file work.cif (mmCIF, C-alpha atoms and all ligand atoms)
data_input
#
loop_
_atom_site.label_atom_id
_atom_site.label_comp_id
_atom_site.auth_asym_id
_atom_site.auth_seq_id
_atom_site.Cartn_x
_atom_site.Cartn_y
_atom_site.Cartn_z
CA MET X 1 -1.60 15.79 -6.08
CA ILE X 2 -1.89 13.80 -2.85
CA VAL X 3 -3.78 10.54 -3.08
CA ILE X 4 -4.37 7.60 -0.71
CA LEU X 5 -4.78 4.05 -2.00
CA LEU X 6 -6.98 2.22 0.48
CA GLY X 7 -7.83 -1.46 0.48
CA PRO X 8 -7.25 -4.75 2.28
CA PRO X 9 -3.90 -6.58 2.18
CA GLY X 10 -3.48 -8.01 -1.32
CA ALA X 11 -5.98 -5.59 -2.92
CA GLY X 12 -3.34 -4.42 -5.40
CA LYS X 13 -2.30 -1.15 -3.79
CA GLY X 14 1.42 -1.68 -4.32
CA THR X 15 0.93 -2.95 -7.88
CA GLN X 16 -1.10 0.10 -8.85
CA ALA X 17 1.12 2.53 -6.90
CA GLN X 18 4.17 1.35 -8.88
CA ARG X 19 2.29 1.95 -12.13
CA ILE X 20 1.01 5.39 -11.09
CA GLU X 21 4.49 6.35 -9.96
CA LYS X 22 5.73 5.69 -13.49
CA SER X 23 2.76 7.20 -15.37
CA GLN X 24 1.99 10.25 -13.23
CA GLY X 25 5.31 11.00 -11.54
CA LEU X 26 3.79 10.72 -8.06
CA VAL X 27 6.17 9.15 -5.58
CA GLN X 28 4.89 6.01 -3.83
CA LEU X 29 5.06 6.13 -0.03
CA SER X 30 4.54 2.61 1.28
CA THR X 31 4.73 2.31 5.06
CA GLY X 32 4.99 -1.48 4.64
CA ASP X 33 8.12 -1.09 2.45
CA MET X 34 9.59 1.48 4.83
CA LEU X 35 9.00 -0.76 7.84
CA ARG X 36 10.51 -3.79 6.06
CA SER X 37 13.62 -1.72 5.27
CA ALA X 38 13.81 -0.68 8.93
CA VAL X 39 13.52 -4.32 10.03
CA SER X 40 16.29 -5.45 7.63
CA ALA X 41 18.49 -2.56 8.72
CA GLY X 42 17.90 -3.48 12.38
CA SER X 43 17.10 0.15 13.27
CA GLU X 44 15.22 1.19 16.45
CA VAL X 45 11.98 1.48 14.47
CA GLY X 46 12.63 -1.92 12.90
CA LYS X 47 13.10 -3.52 16.31
CA LEU X 48 9.83 -2.03 17.55
CA ALA X 49 7.89 -3.06 14.44
CA LYS X 50 9.17 -6.57 13.77
CA ASP X 51 6.98 -8.63 16.13
CA PHE X 52 3.79 -6.82 15.15
CA MET X 53 4.48 -7.36 11.45
CA GLU X 54 5.27 -11.04 11.84
CA ALA X 55 2.02 -11.53 13.76
CA GLY X 56 -0.01 -9.70 11.12
CA LYS X 57 -0.91 -6.93 13.58
CA LEU X 58 -0.68 -3.22 12.97
CA VAL X 59 2.40 -1.49 14.38
CA THR X 60 1.67 1.48 16.65
CA ASP X 61 0.26 4.68 15.23
CA GLU X 62 3.17 6.59 16.75
CA ILE X 63 5.74 4.66 14.70
CA VAL X 64 4.07 5.00 11.31
CA VAL X 65 2.98 8.61 11.85
CA GLY X 66 6.60 9.46 12.73
CA ILE X 67 7.90 7.75 9.58
CA ILE X 68 5.43 9.52 7.28
CA ALA X 69 5.89 12.93 8.93
CA GLU X 70 9.62 12.76 8.17
CA ARG X 71 9.21 11.31 4.71
CA ILE X 72 6.84 13.96 3.33
CA GLU X 73 9.35 16.68 4.16
CA GLU X 74 11.74 15.29 1.56
CA ASP X 75 12.20 17.02 -1.81
CA ASP X 76 10.78 14.24 -3.97
CA CYS X 77 7.40 14.71 -2.25
CA LYS X 78 7.07 18.33 -3.35
CA GLN X 79 5.23 17.34 -6.57
CA GLY X 80 2.77 15.24 -4.62
CA PHE X 81 2.69 11.67 -3.42
CA LEU X 82 0.69 8.51 -3.29
CA LEU X 83 0.12 6.88 0.09
CA ASP X 84 0.09 3.07 -0.05
CA GLY X 85 -0.79 1.38 3.25
CA PHE X 86 -1.12 4.58 5.29
CA PRO X 87 -3.31 5.63 7.04
CA ARG X 88 -4.69 2.40 8.48
CA THR X 89 -6.49 3.71 11.58
CA VAL X 90 -8.66 6.74 12.24
CA ALA X 91 -5.95 8.09 14.58
CA GLN X 92 -3.44 7.88 11.69
CA ALA X 93 -5.91 9.65 9.38
CA GLU X 94 -6.32 12.46 11.90
CA ALA X 95 -2.56 12.75 12.31
CA LEU X 96 -2.24 12.94 8.51
CA ASP X 97 -4.84 15.72 8.37
CA ASN X 98 -2.80 17.71 10.90
CA MET X 99 0.47 17.09 9.07
CA LEU X 100 -1.00 18.23 5.77
CA ASP X 101 -2.54 21.33 7.40
CA GLN X 102 0.79 22.28 8.93
CA ASN X 103 2.50 21.99 5.54
CA ASP X 104 -0.29 23.85 3.70
CA LEU X 105 -1.09 20.72 1.71
CA LYS X 106 -4.41 19.09 0.96
CA LEU X 107 -5.56 15.58 0.25
CA ASP X 108 -7.08 15.25 -3.25
CA ALA X 109 -8.64 11.81 -3.15
CA VAL X 110 -8.88 8.47 -1.39
CA VAL X 111 -9.19 5.58 -3.82
CA GLU X 112 -10.81 2.51 -2.31
CA MET X 113 -9.85 -0.72 -4.09
CA GLN X 114 -12.71 -3.13 -3.41
CA VAL X 115 -11.75 -6.82 -3.41
CA ASN X 116 -13.60 -9.78 -1.85
CA ASP X 117 -11.84 -11.46 1.06
CA GLU X 118 -11.91 -14.87 -0.71
CA VAL X 119 -9.41 -13.86 -3.41
CA LEU X 120 -7.06 -12.07 -1.03
CA VAL X 121 -5.52 -15.20 0.47
CA ASP X 122 -4.66 -16.40 -3.03
CA ARG X 123 -3.23 -13.04 -4.04
CA ILE X 124 -1.07 -12.80 -0.95
CA THR X 125 0.23 -16.37 -0.86
CA GLY X 126 1.17 -16.12 -4.57
CA ARG X 127 2.90 -12.76 -4.24
CA TYR X 128 6.64 -12.17 -4.74
CA THR X 129 8.84 -9.23 -5.66
CA CYS X 130 12.10 -8.56 -7.45
CA ALA X 131 14.89 -8.46 -4.88
CA ASP X 132 16.65 -5.69 -6.81
CA CYS X 133 13.96 -3.27 -8.04
CA ASN X 134 10.98 -4.34 -5.88
CA ALA X 135 8.69 -4.91 -8.90
CA GLY X 136 5.71 -7.02 -7.87
CA TYR X 137 4.74 -10.40 -9.37
CA HIS X 138 2.32 -13.25 -8.73
CA ASP X 139 2.68 -17.02 -9.26
CA LYS X 140 -0.46 -17.17 -11.42
CA ASN X 141 -1.75 -13.64 -12.01
CA LEU X 142 1.38 -11.76 -13.03
CA LYS X 143 4.42 -13.73 -14.13
CA PRO X 144 7.58 -12.18 -15.58
CA LYS X 145 7.69 -12.37 -19.41
CA VAL X 146 10.73 -14.63 -19.20
CA ASP X 147 10.46 -17.18 -16.42
CA GLY X 148 12.66 -16.25 -13.45
CA VAL X 149 13.86 -12.93 -14.91
CA CYS X 150 12.56 -9.52 -13.76
CA ASP X 151 10.88 -7.62 -16.63
CA TYR X 152 12.25 -4.29 -15.46
CA CYS X 153 15.83 -4.86 -14.30
CA GLY X 154 16.79 -8.35 -15.50
CA SER X 155 17.45 -9.60 -11.98
CA THR X 156 17.04 -13.29 -11.26
CA ASN X 157 16.62 -12.79 -7.50
CA PHE X 158 13.17 -12.63 -5.97
CA ASN X 159 11.76 -12.31 -2.45
CA ARG X 160 8.71 -13.60 -0.64
CA ARG X 161 7.55 -11.79 2.46
CA ALA X 162 7.73 -13.67 5.78
CA ASP X 163 4.22 -12.48 6.62
CA ASP X 164 2.66 -13.60 3.33
CA ASN X 165 1.32 -16.87 4.68
CA ARG X 166 -2.22 -18.09 5.23
CA GLU X 167 -2.29 -17.68 9.05
CA THR X 168 -0.98 -14.13 9.03
CA VAL X 169 -3.34 -13.15 6.24
CA ILE X 170 -6.34 -14.01 8.41
CA SER X 171 -5.04 -11.77 11.16
CA ARG X 172 -4.26 -8.97 8.69
CA LEU X 173 -7.77 -9.17 7.24
CA GLU X 174 -9.22 -8.92 10.76
CA SER X 175 -7.10 -5.82 11.40
CA TYR X 176 -8.32 -4.39 8.13
CA HIS X 177 -11.99 -4.84 8.91
CA ALA X 178 -11.74 -3.73 12.54
CA GLN X 179 -9.24 -0.88 12.32
CA THR X 180 -8.93 0.31 8.71
CA ALA X 181 -12.44 -0.02 7.26
CA PRO X 182 -13.69 2.82 9.54
CA LEU X 183 -11.63 5.13 7.31
CA LEU X 184 -14.16 4.61 4.52
CA PRO X 185 -16.98 6.58 6.21
CA TYR X 186 -14.36 9.01 7.55
CA TYR X 187 -13.28 10.01 4.03
CA GLU X 188 -16.76 9.62 2.53
CA ALA X 189 -17.93 12.32 4.95
CA LYS X 190 -15.19 14.60 3.59
CA GLY X 191 -16.32 13.95 0.00
CA LEU X 192 -12.95 12.41 -0.89
CA LEU X 193 -13.80 8.73 -1.35
CA LYS X 194 -13.64 7.21 -4.88
CA VAL X 195 -14.34 3.52 -5.35
CA VAL X 196 -12.73 1.25 -7.95
CA ASP X 197 -13.36 -2.44 -8.66
CA GLY X 198 -10.18 -4.15 -7.50
CA MET X 199 -11.46 -7.54 -8.70
CA ALA X 200 -10.92 -6.50 -12.31
CA ASP X 201 -7.75 -7.25 -14.34
CA ILE X 202 -4.65 -5.33 -13.31
CA ASP X 203 -4.78 -3.18 -16.50
CA ASP X 204 -8.46 -2.49 -16.01
CA VAL X 205 -7.91 -1.37 -12.41
CA SER X 206 -5.19 1.00 -13.66
CA THR X 207 -7.64 2.44 -16.19
CA GLN X 208 -10.23 3.02 -13.47
CA ILE X 209 -7.68 4.74 -11.20
CA ASN X 210 -6.35 6.88 -14.05
CA GLU X 211 -9.91 8.03 -14.74
CA VAL X 212 -10.33 9.06 -11.10
CA LEU X 213 -6.98 10.90 -11.11
CA GLY X 214 -7.68 12.46 -14.52
CA ALA X 215 -10.94 13.92 -13.24
CA LEU X 216 -9.03 15.61 -10.38
CA ALA X 217 -6.30 17.18 -12.48
P1 LIG C 1 -0.08 -5.27 2.54
O1 LIG C 1 0.61 -4.84 1.28
O2 LIG C 1 -0.28 -6.74 2.60
O3 LIG C 1 -1.33 -4.47 2.80
P2 LIG C 1 1.94 -3.75 3.95
O4 LIG C 1 3.19 -4.02 3.21
O5 LIG C 1 1.25 -2.47 3.65
O6 LIG C 1 0.93 -4.98 3.74
O7 LIG C 1 2.18 -3.83 5.51
C1 LIG C 1 2.86 -4.93 6.09
C2 LIG C 1 2.76 -4.82 7.61
O8 LIG C 1 3.41 -3.61 8.04
C3 LIG C 1 1.35 -4.73 8.17
O9 LIG C 1 0.77 -6.01 8.38
C4 LIG C 1 1.59 -3.99 9.50
O10 LIG C 1 2.15 -4.86 10.47
C5 LIG C 1 2.69 -3.00 9.10
N1 LIG C 1 2.14 -1.72 8.63
C6 LIG C 1 2.28 -1.18 7.39
N2 LIG C 1 1.67 0.02 7.31
C7 LIG C 1 1.11 0.24 8.53
C8 LIG C 1 0.33 1.30 9.10
N3 LIG C 1 -0.02 2.38 8.38
N4 LIG C 1 -0.07 1.17 10.39
C9 LIG C 1 0.28 0.11 11.14
N5 LIG C 1 1.00 -0.92 10.67
C10 LIG C 1 1.42 -0.86 9.37
P1 LIG C 2 -1.29 -4.78 -1.72
O1 LIG C 2 -0.16 -3.79 -1.93
O2 LIG C 2 -2.62 -4.12 -1.71
O3 LIG C 2 -1.09 -5.64 -0.53
P2 LIG C 2 -0.24 -6.07 -4.14
O4 LIG C 2 -0.22 -4.93 -5.10
O5 LIG C 2 1.06 -6.49 -3.57
O6 LIG C 2 -1.32 -5.77 -2.97
O7 LIG C 2 -0.96 -7.31 -4.87
C1 LIG C 2 -1.03 -8.59 -4.23
C2 LIG C 2 -0.75 -9.67 -5.26
O8 LIG C 2 -1.86 -9.76 -6.17
C3 LIG C 2 0.48 -9.43 -6.11
O9 LIG C 2 1.14 -10.67 -6.31
C4 LIG C 2 -0.07 -8.87 -7.43
O10 LIG C 2 0.74 -9.28 -8.54
C5 LIG C 2 -1.44 -9.51 -7.51
N1 LIG C 2 -2.46 -8.59 -8.07
C6 LIG C 2 -2.53 -7.24 -7.91
N2 LIG C 2 -3.61 -6.72 -8.54
C7 LIG C 2 -4.26 -7.77 -9.10
C8 LIG C 2 -5.46 -7.88 -9.90
N3 LIG C 2 -6.21 -6.82 -10.23
N4 LIG C 2 -5.80 -9.13 -10.32
C9 LIG C 2 -5.06 -10.23 -9.99
N5 LIG C 2 -3.93 -10.19 -9.26
C10 LIG C 2 -3.52 -8.97 -8.80
ZN ZN C 3 13.66 -6.07 -10.98
#
call {"tool": "encode", "arguments": {"input": "work.cif", "output": "structure tokens", "more": "lines below"}}
Ligand code: ADP
Ligand code: ADP
Ligand code: ZN
result
Amino acid sequence: MIVILLGPPGAGKGTQAQRIEKSQGLVQLSTGDMLRSAVSAGSEVGKLAKDFMEAGKLVTDEIVVGIIAERIEEDDCKQGFLLDGFPRTVAQAEALDNMLDQNDLKLDAVVEMQVNDEVLVDRITGRYTCADCNAGYHDKNLKPKVDGVCDYCGSTNFNRRADDNRETVISRLESYHAQTAPLLPYYEAKGLLKVVDGMADIDDVSTQINEVLGALA
């Protein structure tokens, strides 16, 4: 199964992708995570992407399309995958269509996570992740069971993203509305778009997504 999670920054794509990865065995492909690794590693791609990311602007289509094209060739993608944060422009969506065609694969669904802009700033400024296993948390909405200790791996080290600040969020939301939202009619026209209420509790959103995926299987 090949599924896209689509929604604004802070909608809960990563949170749900991590859960679906565990429950359905679909590997999570997050272009944001891949780009952050490239930036930390100081690779060519990382050098090209860094300034765009810090400014809350999209990196070029060429970079992300190249990353995804290579990634889906890997063995762990053979059972299907879940795209988190890609595509983000119509040009990326068209490139994905071509890639899938060439590999005899087909997209099963695009799940839109609808969340009002007002809550996104709060979600993003309160977000942090485990430095060791990348599990996602939130200052108010999703705390570890034991304060300061990761539920999954016991680590006591956590990270906050450099771009998770109020100013950058505004710019990222603008990019979303201008460049990514046009994907909604694009996939609607293909009959692939499924909408879930991303304002609901994290567990409830998971239930809604599992229903969508269950109906496809
Ligand atoms: P969020 O989880 O807040 O939606 P991501 O982790 O997906 O953010 O992305 C972080 C940043 O990485 C984006 O602001 C953008 O600069 C870059 N990025 C990630 N995916 C893409 C993409 N598909 N196209 C262009 N830029 C991307
Ligand atoms: P995205 O990957 O779409 O940018 P995340 O999954 O990283 O978003 O979620 C952003 C923040 O909001 C995280 O700190 C996460 O714990 C929290 N969060 C995710 N889903 C919900 C939800 N349904 N209700 C409240 N908080 C949420
Ligand atoms: Zn952890």
call {"tool": "residues_around", "arguments": {"input": "work.cif", "residues": "Leu35 in chain X", "least_positions_apart": "6", "cutoff": "10 Å", "atoms": "all atoms listed in the file", "output": "ChimeraX atom specification"}}
result
/X:41,43,45-50,53,59,63-64,67
call {"tool": "atom_distance", "arguments": {"input": "work.cif", "atom1": "CA of Leu192 in chain X", "atom2": "CA of Glu118 in chain X"}}
result
27.3 Å
call {"tool": "residues_near_ligand", "arguments": {"input": "work.cif", "ligand": "ligand LIG 1 (chain C)", "cutoff": "9 Å", "atoms": "all atoms listed in the file", "output": "ChimeraX atom specification"}}
result
/X:7-14,30-36,49-65,84-89,92,124,161,163-164,168-169,171-172,175-176
call {"tool": "closest_residue", "arguments": {"input": "work.cif", "among": "X:Glu211, X:Asp76, X:Glu167, X:Asp97", "to": "Tyr186 in chain X", "atoms": "all atoms listed in the file"}}
result
X:Asp97
call {"tool": "residues_near_ligand", "arguments": {"input": "work.cif", "ligand": "ligand LIG 2 (chain C)", "cutoff": "9 Å", "atoms": "all atoms listed in the file", "output": "PyMOL selection string"}}
result
chain X and resi 5-18+30+32+84-85+113+115+119-120+122-129+136-143+197-206
call {"tool": "residues_near_ligand", "arguments": {"input": "work.cif", "ligand": "ligand ZN 3 (chain C)", "cutoff": "8 Å", "atoms": "only C-alpha atoms and all ligand atoms", "output": "NGL selection string"}}
result
:X and (129-135 or 149-156)
call {"tool": "residues_around", "arguments": {"input": "work.cif", "residues": "Ile72 in chain X", "least_positions_apart": "4", "cutoff": "12 Å", "atoms": "all atoms listed in the file", "output": "list in words"}}
result
Ile2, Val27, Gln28, Leu29, Ser30, Thr31, Val65, Gly66, Ile67, Ile68, Asp76, Cys77, Lys78, Gln79, Gly80, Phe81, Leu82, Leu83, Leu96, Met99, Leu100, Gln102, Asn103 and Leu105 of chain X
call {"tool": "write_last_selection", "arguments": {"input": "work.cif", "atoms": "C-alpha atoms", "output": "PDB file, keeping the file's coordinate frame"}}
result
ATOM      1  CA  ILE X   2      -1.890  13.800  -2.850  1.00  0.00           C
ATOM      2  CA  VAL X  27       6.170   9.150  -5.580  1.00  0.00           C
ATOM      3  CA  GLN X  28       4.890   6.010  -3.830  1.00  0.00           C
ATOM      4  CA  LEU X  29       5.060   6.130  -0.030  1.00  0.00           C
ATOM      5  CA  SER X  30       4.540   2.610   1.280  1.00  0.00           C
ATOM      6  CA  THR X  31       4.730   2.310   5.060  1.00  0.00           C
ATOM      7  CA  VAL X  65       2.980   8.610  11.850  1.00  0.00           C
ATOM      8  CA  GLY X  66       6.600   9.460  12.730  1.00  0.00           C
ATOM      9  CA  ILE X  67       7.900   7.750   9.580  1.00  0.00           C
ATOM     10  CA  ILE X  68       5.430   9.520   7.280  1.00  0.00           C
ATOM     11  CA  ASP X  76      10.780  14.240  -3.970  1.00  0.00           C
ATOM     12  CA  CYS X  77       7.400  14.710  -2.250  1.00  0.00           C
ATOM     13  CA  LYS X  78       7.070  18.330  -3.350  1.00  0.00           C
ATOM     14  CA  GLN X  79       5.230  17.340  -6.570  1.00  0.00           C
ATOM     15  CA  GLY X  80       2.770  15.240  -4.620  1.00  0.00           C
ATOM     16  CA  PHE X  81       2.690  11.670  -3.420  1.00  0.00           C
ATOM     17  CA  LEU X  82       0.690   8.510  -3.290  1.00  0.00           C
ATOM     18  CA  LEU X  83       0.120   6.880   0.090  1.00  0.00           C
ATOM     19  CA  LEU X  96      -2.240  12.940   8.510  1.00  0.00           C
ATOM     20  CA  MET X  99       0.470  17.090   9.070  1.00  0.00           C
ATOM     21  CA  LEU X 100      -1.000  18.230   5.770  1.00  0.00           C
ATOM     22  CA  GLN X 102       0.790  22.280   8.930  1.00  0.00           C
ATOM     23  CA  ASN X 103       2.500  21.990   5.540  1.00  0.00           C
ATOM     24  CA  LEU X 105      -1.090  20.720   1.710  1.00  0.00           C
TER      25      LEU X 105
END
call {"tool": "atom_distance", "arguments": {"input": "work.cif", "atom1": "CA of Lys22 in chain X", "atom2": "CA of Met1 in chain X"}}
result
14.5 Å
call {"tool": "axis_aligned_box", "arguments": {"input": "work.cif", "around": "range 181-195 of chain X", "padding_each_side": "4 Å", "output": "lines of an AutoDock Vina configuration file"}}
result
center_x = -14.8
center_y = 7.3
center_z = 2.1
size_x = 14.3
size_y = 22.6
size_z = 22.9
call {"tool": "closest_residue", "arguments": {"input": "work.cif", "among": "X:Ala178, X:Ile209, X:Leu173, X:Val195", "to": "Val90 in chain X", "atoms": "all atoms listed in the file"}}
result
X:Ala178
